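K.L.:
Structure file start_29.txt, compact mmCIF, C-alpha atoms and all ligand atoms, is pasted below:
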# COMPACT_ATOMS: atom_id res chain seq x y z
CA MET B 1 -0.29 -10.94 8.33
CA ILE B 2 0.91 -8.65 5.53
CA THR B 3 4.50 -7.74 4.66
CA ALA B 4 5.73 -5.90 1.62
CA ARG B 5 9.26 -4.95 0.70
CA GLY B 6 10.16 -2.58 -2.09
CA LEU B 7 6.87 -3.00 -3.94
CA VAL B 8 6.88 -1.19 -7.25
CA GLN B 9 4.29 -0.91 -10.00
CA THR B 10 4.93 0.99 -13.20
CA PHE B 11 2.42 1.57 -15.95
CA HIS B 12 3.16 2.65 -19.50
CA THR B 13 0.73 5.08 -21.03
CA GLY B 14 0.52 6.68 -24.45
CA ARG B 15 2.51 5.84 -27.57
CA GLY B 16 5.42 7.26 -29.54
CA LYS B 17 6.39 10.70 -28.32
CA SER B 18 3.63 10.82 -25.73
CA ALA B 19 4.74 7.48 -24.20
CA LYS B 20 5.19 7.88 -20.49
CA GLU B 21 6.09 5.67 -17.55
CA VAL B 22 3.98 6.15 -14.42
CA ARG B 23 5.48 4.84 -11.20
CA ALA B 24 2.14 4.33 -9.47
CA VAL B 25 3.77 2.57 -6.51
CA ASP B 26 7.38 3.40 -5.92
CA GLY B 27 9.06 1.19 -3.33
CA VAL B 28 6.46 0.46 -0.67
CA ASP B 29 7.45 -1.36 2.54
CA LEU B 30 4.70 -2.24 4.97
CA ASP B 31 3.91 -4.63 7.81
CA VAL B 32 0.46 -5.34 9.18
CA GLU B 33 0.09 -7.47 12.32
CA GLU B 34 -2.68 -9.94 12.99
CA GLY B 35 -5.79 -8.26 14.41
CA GLU B 36 -4.79 -4.75 13.36
CA VAL B 37 -7.12 -2.37 11.55
CA VAL B 38 -4.90 -0.35 9.24
CA GLY B 39 -6.13 2.70 7.34
CA PHE B 40 -4.37 3.41 4.06
CA LEU B 41 -4.77 7.09 3.40
CA GLY B 42 -3.72 9.31 0.55
CA PRO B 43 -5.04 11.63 -2.13
CA ASN B 44 -6.44 10.51 -5.48
CA GLY B 45 -3.82 8.81 -7.56
CA ALA B 46 -1.42 8.28 -4.63
CA GLY B 47 -1.16 4.53 -5.32
CA LYS B 48 -3.61 3.05 -2.80
CA THR B 49 -5.65 0.91 -5.17
CA THR B 50 -2.56 -0.22 -7.08
CA THR B 51 -0.92 -1.36 -3.83
CA LEU B 52 -4.08 -3.18 -2.82
CA ARG B 53 -4.34 -4.87 -6.21
CA MET B 54 -0.79 -6.18 -5.83
CA LEU B 55 -1.46 -7.43 -2.30
CA THR B 56 -4.65 -9.19 -3.41
CA THR B 57 -2.79 -10.83 -6.36
CA LEU B 58 -4.78 -8.99 -9.05
CA LEU B 59 -1.70 -7.21 -10.31
CA ARG B 60 1.80 -8.65 -10.48
CA PRO B 61 4.38 -6.33 -8.88
CA THR B 62 6.91 -4.82 -11.30
CA ALA B 63 9.46 -5.24 -8.51
CA GLY B 64 9.59 -6.11 -4.83
CA THR B 65 7.99 -8.86 -2.78
CA ALA B 66 4.93 -9.27 -0.59
CA THR B 67 3.43 -11.98 1.55
CA VAL B 68 -0.17 -12.04 2.67
CA ALA B 69 -1.36 -14.48 5.37
CA GLY B 70 2.05 -16.14 5.05
CA TYR B 71 1.81 -16.72 1.27
CA ASP B 72 3.77 -15.08 -1.50
CA VAL B 73 1.52 -12.92 -3.68
CA VAL B 74 3.21 -14.05 -6.90
CA THR B 75 4.08 -17.71 -6.40
CA GLN B 76 1.19 -18.65 -4.07
CA SER B 77 -1.59 -16.44 -5.38
CA VAL B 78 -4.25 -19.15 -5.06
CA GLN B 79 -3.55 -19.59 -1.35
CA VAL B 80 -3.53 -15.80 -0.86
CA ARG B 81 -6.95 -15.48 -2.51
CA ARG B 82 -8.38 -18.28 -0.35
CA SER B 83 -7.17 -16.52 2.79
CA ILE B 84 -8.61 -13.07 2.20
CA GLY B 85 -11.79 -11.14 1.63
CA TYR B 86 -11.63 -8.28 -0.86
CA VAL B 87 -14.09 -5.50 -1.53
CA SER B 88 -12.84 -3.64 -4.58
CA GLN B 89 -13.44 -0.01 -5.35
CA VAL B 90 -15.40 -0.74 -8.51
CA GLY B 91 -17.56 -3.36 -6.83
CA SER B 92 -18.43 -6.88 -7.81
CA THR B 93 -19.89 -7.85 -11.15
CA PHE B 94 -23.20 -9.61 -10.76
CA SER B 95 -24.66 -12.12 -13.15
CA GLY B 96 -28.35 -11.20 -13.03
CA ALA B 97 -29.36 -13.68 -10.33
CA TYR B 98 -30.99 -12.69 -7.03
CA ALA B 99 -28.67 -10.92 -4.61
CA GLY B 100 -28.95 -13.74 -2.05
CA ASP B 101 -28.12 -16.40 -4.62
CA GLU B 102 -25.08 -14.44 -5.80
CA VAL B 103 -23.85 -14.32 -2.24
CA VAL B 104 -24.45 -18.03 -1.62
CA ASP B 105 -22.66 -18.97 -4.87
CA HIS B 106 -19.76 -16.78 -3.87
CA GLY B 107 -19.53 -18.47 -0.46
CA MET B 108 -19.63 -21.92 -2.08
CA LEU B 109 -16.81 -20.86 -4.38
CA TYR B 110 -14.79 -20.49 -1.19
CA GLY B 111 -15.69 -24.02 -0.13
CA MET B 112 -18.63 -23.26 2.19
CA SER B 113 -21.60 -25.63 2.27
CA ARG B 114 -24.84 -24.20 0.85
CA ALA B 115 -26.47 -24.25 4.31
CA ASP B 116 -23.57 -22.35 5.90
CA ALA B 117 -23.50 -19.81 3.08
CA VAL B 118 -27.26 -19.20 3.41
CA ARG B 119 -27.03 -18.82 7.19
CA ARG B 120 -24.04 -16.47 7.05
CA GLY B 121 -25.54 -14.58 4.09
CA ASN B 122 -28.74 -13.95 6.04
CA GLU B 123 -26.78 -12.73 9.05
CA LEU B 124 -24.78 -10.32 6.92
CA PHE B 125 -27.87 -9.05 5.08
CA GLU B 126 -29.38 -8.22 8.43
CA GLN B 127 -26.22 -6.66 9.87
CA LEU B 128 -25.69 -4.50 6.79
CA GLN B 129 -29.33 -3.47 6.62
CA LEU B 130 -30.18 -5.35 3.47
CA ASP B 131 -33.04 -7.31 5.04
CA GLY B 132 -35.80 -8.02 2.59
CA LEU B 133 -33.48 -7.70 -0.42
CA TRP B 134 -32.39 -11.35 -0.73
CA LYS B 135 -34.63 -11.80 -3.75
CA ARG B 136 -33.80 -8.52 -5.44
CA MET B 137 -31.51 -8.40 -8.46
CA PRO B 138 -28.43 -6.29 -7.75
CA LYS B 139 -29.12 -4.17 -10.85
CA ASN B 140 -32.37 -3.08 -9.21
CA MET B 141 -30.67 -1.95 -6.01
CA SER B 142 -29.66 1.60 -5.10
CA GLY B 143 -25.96 2.51 -5.23
CA GLY B 144 -25.65 2.31 -1.45
CA GLN B 145 -27.40 -1.07 -1.30
CA LYS B 146 -25.14 -2.43 -4.02
CA ARG B 147 -22.10 -1.17 -2.15
CA ARG B 148 -23.26 -3.00 0.97
CA LEU B 149 -23.87 -6.11 -1.10
CA ASP B 150 -20.23 -5.85 -2.26
CA VAL B 151 -19.22 -5.88 1.38
CA VAL B 152 -21.38 -8.97 2.05
CA MET B 153 -19.66 -10.73 -0.88
CA GLY B 154 -16.25 -9.86 0.54
CA LEU B 155 -17.15 -11.17 3.99
CA ILE B 156 -19.33 -14.20 3.27
CA HIS B 157 -16.59 -16.75 3.99
CA ASP B 158 -15.57 -15.12 7.29
CA PRO B 159 -12.06 -14.23 6.13
CA SER B 160 -9.57 -13.45 8.86
CA LEU B 161 -7.95 -10.84 6.64
CA VAL B 162 -10.07 -8.32 4.80
CA PHE B 163 -9.08 -5.73 2.20
CA LEU B 164 -11.58 -2.94 1.69
CA ASP B 165 -11.02 -0.36 -1.04
CA GLU B 166 -12.94 2.79 -0.13
CA PRO B 167 -15.78 0.79 1.37
CA THR B 168 -17.99 3.72 2.34
CA THR B 169 -17.72 5.85 -0.79
CA GLY B 170 -21.24 6.56 -2.03
CA LEU B 171 -22.98 5.57 1.20
CA ASP B 172 -25.27 7.94 3.06
CA PRO B 173 -24.15 8.95 6.58
CA GLN B 174 -26.33 6.40 8.32
CA ALA B 175 -25.16 3.50 6.15
CA ARG B 176 -21.61 4.71 6.63
CA ALA B 177 -21.93 4.69 10.40
CA ASN B 178 -23.45 1.23 10.21
CA LEU B 179 -20.57 -0.06 8.11
CA TRP B 180 -18.08 1.47 10.55
CA ASP B 181 -19.74 -0.49 13.36
CA HIS B 182 -19.50 -3.58 11.25
CA ILE B 183 -15.81 -3.08 10.51
CA GLU B 184 -15.13 -2.53 14.20
CA GLY B 185 -17.06 -5.72 14.91
CA LEU B 186 -14.91 -7.69 12.46
CA ARG B 187 -11.95 -7.04 14.66
CA SER B 188 -13.57 -7.16 18.08
CA ARG B 189 -15.84 -10.16 17.47
CA LEU B 190 -13.88 -12.16 14.93
CA GLY B 191 -10.33 -10.96 15.57
CA ALA B 192 -10.03 -10.16 11.85
CA THR B 193 -7.25 -8.08 10.37
CA VAL B 194 -8.56 -5.22 8.24
CA PHE B 195 -6.68 -3.19 5.65
CA LEU B 196 -8.80 -0.39 4.28
CA THR B 197 -8.19 2.51 1.95
CA THR B 198 -10.09 5.71 2.35
CA HIS B 199 -10.15 9.38 1.42
CA TYR B 200 -12.15 10.18 4.51
CA LEU B 201 -9.96 11.46 7.30
CA ASP B 202 -12.65 10.98 9.92
CA GLU B 203 -13.08 7.38 8.79
CA ALA B 204 -9.38 6.60 9.12
CA ASP B 205 -9.33 8.36 12.46
CA ALA B 206 -12.34 6.53 13.83
CA LEU B 207 -11.52 3.03 12.62
CA ALA B 208 -7.82 2.55 12.26
CA ASP B 209 -5.39 1.41 14.95
CA ARG B 210 -2.66 2.57 12.63
CA ILE B 211 -2.57 4.80 9.61
CA LEU B 212 -0.28 4.50 6.64
CA ILE B 213 -0.10 7.64 4.54
CA ILE B 214 0.90 7.22 0.91
CA ASP B 215 1.78 10.08 -1.38
CA GLN B 216 3.03 9.75 -4.96
CA GLY B 217 3.61 6.04 -4.58
CA THR B 218 5.65 6.24 -1.38
CA ILE B 219 4.69 5.70 2.25
CA VAL B 220 5.33 8.97 4.05
CA ALA B 221 4.09 8.04 7.54
CA SER B 222 2.96 5.08 9.60
CA ASP B 223 1.70 5.40 13.17
CA THR B 224 -1.41 5.52 15.33
CA PRO B 225 -3.73 8.44 14.50
CA ASP B 226 -2.95 10.05 17.87
CA ASN B 227 0.81 9.71 17.54
CA LEU B 228 0.77 11.07 14.01
CA LYS B 229 -1.18 14.07 15.13
CA ALA B 230 0.93 14.62 18.24
CA GLN B 231 4.30 14.26 16.50
CA VAL B 232 3.52 16.36 13.54
CA SER B 233 1.74 19.42 14.74
CA GLY B 234 0.74 19.38 18.41
CA ASP B 235 -2.53 20.67 19.84
CA LEU B 236 -3.67 24.24 19.29
CA VAL B 237 -4.37 26.07 22.57
CA ASP B 238 -6.53 29.17 22.14
CA LEU B 239 -6.75 31.46 25.17
CA GLU B 240 -9.20 34.36 25.29
CA VAL B 241 -8.14 36.85 27.95
CA ALA B 242 -10.65 39.06 29.77
CA THR B 243 -9.07 42.43 28.81
CA PRO B 244 -6.65 43.52 26.07
CA ASP B 245 -3.95 44.62 28.53
CA GLN B 246 -3.48 40.96 29.57
CA VAL B 247 -2.59 39.75 26.07
CA THR B 248 1.17 40.29 26.39
CA ARG B 249 1.40 38.51 29.75
CA ALA B 250 -0.71 35.60 28.47
CA ALA B 251 1.46 35.33 25.34
CA GLU B 252 4.59 35.21 27.51
CA ARG B 253 3.19 32.47 29.71
CA LEU B 254 1.89 30.42 26.77
CA GLY B 255 5.19 31.02 24.95
CA SER B 256 7.04 29.22 27.73
CA ILE B 257 5.43 25.94 26.65
CA ALA B 258 4.13 26.53 23.11
CA ASP B 259 5.52 27.04 19.62
CA GLY B 260 4.49 29.74 17.17
CA VAL B 261 2.48 31.89 19.60
CA GLU B 262 0.22 34.39 17.82
CA THR B 263 -2.20 37.00 19.09
CA ASP B 264 -5.46 38.15 17.55
CA GLY B 265 -7.56 40.68 19.50
CA ARG B 266 -7.99 39.16 22.96
CA HIS B 267 -7.00 35.72 21.66
CA VAL B 268 -3.58 34.16 22.20
CA ARG B 269 -2.83 30.92 20.37
CA GLY B 270 0.03 28.46 20.21
CA ARG B 271 0.75 24.79 19.60
CA VAL B 272 1.78 22.50 22.44
CA GLN B 273 2.56 18.80 22.54
CA ARG B 274 -0.05 16.74 24.43
CA ALA B 275 -2.23 19.58 25.70
CA GLY B 276 -3.94 17.33 28.26
CA ARG B 277 -0.68 17.11 30.17
CA VAL B 278 0.42 20.74 30.06
CA VAL B 279 -2.80 22.77 30.20
CA PRO B 280 -3.44 22.29 33.96
CA GLY B 281 0.04 23.70 34.70
CA LEU B 282 -0.51 26.52 32.20
CA LEU B 283 -3.75 27.50 33.95
CA ARG B 284 -1.99 27.65 37.33
CA ASP B 285 0.80 29.69 35.79
CA LEU B 286 -1.65 32.14 34.18
CA GLY B 287 -3.53 32.46 37.46
CA ALA B 288 -0.30 33.19 39.35
CA ALA B 289 0.59 35.84 36.72
CA GLY B 290 -2.80 37.49 37.28
CA VAL B 291 -4.18 36.65 33.84
CA GLU B 292 -7.95 36.27 33.78
CA LEU B 293 -9.44 34.10 31.03
CA ASP B 294 -12.83 34.37 29.38
CA SER B 295 -12.35 31.06 27.59
CA ILE B 296 -9.86 28.38 26.70
CA GLU B 297 -10.15 26.02 23.77
CA VAL B 298 -7.93 23.09 22.86
CA LEU B 299 -8.10 21.84 19.27
CA ARG B 300 -6.60 18.49 18.42
CA PRO B 301 -4.81 18.51 15.08
CA THR B 302 -6.59 16.73 12.27
CA LEU B 303 -5.10 14.17 9.93
CA ASP B 304 -5.29 16.89 7.28
CA ASP B 305 -2.81 18.93 9.38
CA VAL B 306 -0.60 15.84 9.45
CA PHE B 307 -0.79 15.40 5.71
CA LEU B 308 -0.05 19.10 5.17
CA THR B 309 3.00 19.00 7.42
CA LEU B 310 4.35 15.85 5.76
CA THR B 311 3.80 16.76 2.12
CA GLY B 312 3.32 20.52 2.05
CA ARG B 313 -0.13 20.02 0.50
CA SER B 314 -3.53 19.58 2.05
CA LEU B 315 -5.17 16.28 1.29
CA ARG B 316 -8.05 18.15 -0.32
CA ASP B 317 -5.82 20.34 -2.53
CA ALA B 318 -3.84 17.30 -3.57
CA GLU B 319 -7.09 15.73 -4.69
CA ALA B 320 -8.34 18.80 -6.46
CA GLY B 321 -5.05 19.04 -8.34
CA ASP B 322 -5.14 15.48 -9.64
CA SER B 323 -6.19 15.16 -13.25
CA THR B 324 -4.33 12.07 -14.40
CA THR B 325 -6.36 10.00 -16.81
CA PRO B 326 -4.56 6.97 -18.13
CA GLU B 327 -4.94 6.48 -21.88
CA GLU B 328 -3.69 3.26 -23.36
CA VAL B 329 -2.29 1.03 -20.73
CA SER B 330 -0.08 -1.95 -20.34
CA ALA B 331 0.98 -3.20 -16.94
N1 LIG X 401 -3.96 0.77 -15.34
C1 LIG X 401 -3.30 1.91 -15.23
N2 LIG X 401 -2.64 2.46 -16.26
C2 LIG X 401 -1.97 3.61 -16.16
N3 LIG X 401 -1.87 4.33 -15.05
C3 LIG X 401 -2.53 3.86 -13.98
C4 LIG X 401 -3.27 2.63 -14.00
N4 LIG X 401 -3.80 2.42 -12.78
C5 LIG X 401 -3.41 3.45 -12.04
N5 LIG X 401 -2.64 4.33 -12.75
C6 LIG X 401 -2.01 5.55 -12.27
O1 LIG X 401 -1.26 5.20 -11.13
C7 LIG X 401 -1.39 6.19 -10.12
C8 LIG X 401 -1.91 5.53 -8.84
O2 LIG X 401 -3.28 5.13 -9.04
P1 LIG X 401 -4.15 4.41 -7.91
O3 LIG X 401 -5.45 4.07 -8.52
O4 LIG X 401 -3.37 3.35 -7.29
O5 LIG X 401 -4.34 5.58 -6.87
P2 LIG X 401 -5.31 5.67 -5.63
O6 LIG X 401 -4.48 6.21 -4.53
O7 LIG X 401 -5.99 4.40 -5.40
O8 LIG X 401 -6.33 6.77 -6.10
P3 LIG X 401 -7.92 6.85 -5.85
O9 LIG X 401 -8.05 7.36 -4.48
O10 LIG X 401 -8.33 7.83 -6.88
O11 LIG X 401 -8.47 5.50 -6.05
C9 LIG X 401 -2.25 7.26 -10.69
O12 LIG X 401 -1.40 8.25 -11.26
C10 LIG X 401 -3.02 6.56 -11.77
O13 LIG X 401 -3.41 7.44 -12.79
As structure tokens, how would this structure be written, given the file I've shared?

P.N.:
Amino acid sequence: MITARGLVQTFHTGRGKSAKEVRAVDGVDLDVEEGEVVGFLGPNGAGKTTTLRMLTTLLRPTAGTATVAGYDVVTQSVQVRRSIGYVSQVGSTFSGAYAGDEVVDHGMLYGMSRADAVRRGNELFEQLQLDGLWKRMPKNMSGGQKRRLDVVMGLIHDPSLVFLDEPTTGLDPQARANLWDHIEGLRSRLGATVFLTTHYLDEADALADRILIIDQGTIVASDTPDNLKAQVSGDLVDLEVATPDQVTRAAERLGSIADGVETDGRHVRGRVQRAGRVVPGLLRDLGAAGVELDSIEVLRPTLDDVFLTLTGRSLRDAEAGDSTTPEEVSA
């Protein structure tokens, strides 16, 4: 459904001595299969939006090639646009008509009949909890309502490939959960392919079949959330032994299957690959060695652990450290 090879985008900022070239996307290869939900994850300024803008034909690649739904993003941009739905990060611009009319016009722009656009628009308003707002002007909607209206606009023509740029930013938790359900439904009910960017690790984890991590314009990982977490850091097993004199024995036993075993009071911790498979054996082993446990906890690694291992920075620190503000710009 989507392929990209060596995609590059450079921007030129500043003038004279302060002129600078920014390689926003620096050689991206990616493949997305039909029916996949792919989460595109990375800190602020990593190149997510720029990649998405190239794939949706809004920005011409400086170098490299990409096809979307079988069409070349440069030479067949019209066909690409017809084949996709796109919800941009900045949202749609609305003309001052009623929300429902905007949506219907948008559907008709994609070749839908008025009746179909009205029917589908009503369905989407209901599914995205915008009921009763058909005759409201978008400028009089709350931020969250407007964001959901953006999503309706992106989905009105039932695209089989949808690009969503940070779709849940600015939504309250309930609206976010609702949109997650909707995105899951796009795949399960309609068999749609979804490519979404997000800063939210839990969102990527919950929704995506596969996660692509981008950092400084380059893809640094691509795998299922579980595989990424398993390969990169393993699960943390935390044993709490009943009495301090058992700590050494517990550490020995855990050390036979875990990396980086540490002790802290009556706690013994270490990382193991696929805890579900090895913990039953560990418990038998501890029992046989006469170690008595007060508690055992297994913590799955988070995607933040994955990001930290891959880049040496936490996703949150990487974001906090970003202060790039483009001045004058030419693509
Ligand atoms: N029009 C532009 N002119 C100059 N630099 C730009 C332009 N657009 C993006 N950049 C720079 O390119 C880099 C990648 O930006 P991009 O918006 O793709 O990142 P992102 O991963 O989508 O970030 P965010 O999560 O903040 O949306 C950043 O350093 C950004 O400042």

K.L.:
How many Å lie between atom CA of B:Asp223 and atom CA of B:Asp150, rounded to one decimal?

P.N.:
29.1 Å

K.L.:
For the atom pair atom CA of B:Val268 and atom CA of B:Asp235, what is the interatomic distance in Å to one decimal place?

P.N.:
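These two atoms are separated by 13.7 Å.
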
K.L.:
Can you tell me, as a short mmCIF file (atom, residue, chain, number, x, y, z; two decimals) with C-alpha atoms, in the frame of the given file, what residues are no more than 12 Å from B:Met108 when counting all atoms listed in the file, ignoring any on the same chain fewer than 2 positions away?

P.N.:
data_model
loop_
_atom_site.label_atom_id
_atom_site.label_comp_id
_atom_site.auth_asym_id
_atom_site.auth_seq_id
_atom_site.Cartn_x
_atom_site.Cartn_y
_atom_site.Cartn_z
CA ARG B 82 -8.38 -18.28 -0.35
CA ASP B 101 -28.12 -16.40 -4.62
CA GLU B 102 -25.08 -14.44 -5.80
CA VAL B 103 -23.85 -14.32 -2.24
CA VAL B 104 -24.45 -18.03 -1.62
CA ASP B 105 -22.66 -18.97 -4.87
CA HIS B 106 -19.76 -16.78 -3.87
CA TYR B 110 -14.79 -20.49 -1.19
CA GLY B 111 -15.69 -24.02 -0.13
CA MET B 112 -18.63 -23.26 2.19
CA SER B 113 -21.60 -25.63 2.27
CA ARG B 114 -24.84 -24.20 0.85
CA ALA B 115 -26.47 -24.25 4.31
CA ASP B 116 -23.57 -22.35 5.90
CA ALA B 117 -23.50 -19.81 3.08
CA VAL B 118 -27.26 -19.20 3.41
CA ARG B 120 -24.04 -16.47 7.05
CA GLY B 121 -25.54 -14.58 4.09
CA MET B 153 -19.66 -10.73 -0.88
CA ILE B 156 -19.33 -14.20 3.27
CA HIS B 157 -16.59 -16.75 3.99
#

K.L.:
Can you tell me, as lines of an AutoDock Vina configuration file, the centre and edge lengths (Å, one decimal) of the axis-aligned box enclosing all of ligand LIG 401 (chain X)'s listed atoms after padding each side by 5 Å?

P.N.:
center_x = -4.9
center_y = 4.5
center_z = -10.4
size_x = 17.2
size_y = 17.5
size_z = 21.8

K.L.:
Which is closer to B:Gly234 than all the others in B:Ala99, B:Val298, B:Ile211, B:Val38, using only C-alpha atoms?

P.N.:
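Of all the options, B:Val298 lies closest to B:Gly234.
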
K.L.:
In Å, with one decimal, what is the gap from atom CA of B:Thr309 to atom CA of B:Gly276?

P.N.:
22.0 Å

K.L.:
From the list B:Glu36, B:Asp304, B:Asp215, B:Glu21, which residue is nearest B:Asp202 when using only C-alpha atoms?

P.N.:
B:Asp304

K.L.:
For B:Arg249, which of B:Leu161, B:Met137, B:Leu212, B:Ala288 is the closest residue, counting only C-alpha atoms?

P.N.:
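Using only C-alpha atoms, B:Arg249 sits closest to B:Ala288.
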
K.L.:
With distances taken over only C-alpha atoms, which residue among B:Glu34, B:Pro138, B:Leu310, B:Gly265 lies nearest B:Gly96?

P.N.:
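Under the stated criterion, the closest residue is B:Pro138.
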
K.L.:
Determine the nearest neighbour of ligand LIG 401 (chain X) from the options B:Thr263, B:Ser160, B:Thr248, B:Thr218, counting only C-alpha atoms and all ligand atoms.

P.N.:
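The answer is B:Thr218, which sits nearest to ligand LIG 401 (chain X).
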
K.L.:
Taking all atoms listed in the file into account, which of B:Gly255, B:Thr168, B:Val279, B:Gly100 comes nearest B:Ile183?

P.N.:
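Of B:Gly255, B:Thr168, B:Val279, B:Gly100, the one nearest B:Ile183 is B:Thr168, counting all atoms listed in the file.
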
K.L.:
Can you list, as number ranges by chain, every protein, DNA or RNA residue that comes within 6 Å of B:Val237 when you count only C-alpha atoms, leaving out same-chain residues fewer than 3 positions away?

P.N.:
B: 269-270, 297-298

K.L.:
Identify, on the basis of all atoms listed in the file, every residue whose closest approach to B:Val68 does not exceed 8 Å; exclude the query and any residue fewer than 3 positions from it along the same chain; express the result as a list in words.

P.N.:
Met1, Ile2, Thr3, Leu55, Tyr71, Asp72, Val73 and Val80 of chain B

K.L.:
Selection from above, C-alpha atoms, as an mmCIF file, in the coordinates of the input, can you write it?

P.N.:
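Produced file selection-v2.cif, reproduced below:
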data_model
loop_
_atom_site.group_PDB
_atom_site.id
_atom_site.type_symbol
_atom_site.label_atom_id
_atom_site.label_comp_id
_atom_site.auth_asym_id
_atom_site.auth_seq_id
_atom_site.Cartn_x
_atom_site.Cartn_y
_atom_site.Cartn_z
ATOM 1 C CA MET B 1 -0.290 -10.940 8.330
ATOM 2 C CA ILE B 2 0.910 -8.650 5.530
ATOM 3 C CA THR B 3 4.500 -7.740 4.660
ATOM 4 C CA LEU B 55 -1.460 -7.430 -2.300
ATOM 5 C CA TYR B 71 1.810 -16.720 1.270
ATOM 6 C CA ASP B 72 3.770 -15.080 -1.500
ATOM 7 C CA VAL B 73 1.520 -12.920 -3.680
ATOM 8 C CA VAL B 80 -3.530 -15.800 -0.860
#

K.L.:
Give as a list of chain:residue names the set of residues within 8 Å of the point (1.4, -11.4, -7.6), where distances use the file's coordinates and only C-alpha atoms.

P.N.:
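Returned residue set, sorted by chain then number, is B:Met54, B:Leu55, B:Thr56, B:Thr57, B:Leu58, B:Leu59, B:Arg60, B:Pro61, B:Asp72, B:Val73, B:Val74, B:Thr75, B:Ser77.
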
K.L.:
Store the residues of this selection in a file with C-alpha atoms, as an mmCIF file, in the frame of the given file.

P.N.:
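What ended up in again_30.cif:
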data_model
loop_
_atom_site.group_PDB
_atom_site.id
_atom_site.type_symbol
_atom_site.label_atom_id
_atom_site.label_comp_id
_atom_site.auth_asym_id
_atom_site.auth_seq_id
_atom_site.Cartn_x
_atom_site.Cartn_y
_atom_site.Cartn_z
ATOM 1 C CA MET B 54 -0.790 -6.180 -5.830
ATOM 2 C CA LEU B 55 -1.460 -7.430 -2.300
ATOM 3 C CA THR B 56 -4.650 -9.190 -3.410
ATOM 4 C CA THR B 57 -2.790 -10.830 -6.360
ATOM 5 C CA LEU B 58 -4.780 -8.990 -9.050
ATOM 6 C CA LEU B 59 -1.700 -7.210 -10.310
ATOM 7 C CA ARG B 60 1.800 -8.650 -10.480
ATOM 8 C CA PRO B 61 4.380 -6.330 -8.880
ATOM 9 C CA ASP B 72 3.770 -15.080 -1.500
ATOM 10 C CA VAL B 73 1.520 -12.920 -3.680
ATOM 11 C CA VAL B 74 3.210 -14.050 -6.900
ATOM 12 C CA THR B 75 4.080 -17.710 -6.400
ATOM 13 C CA SER B 77 -1.590 -16.440 -5.380
#
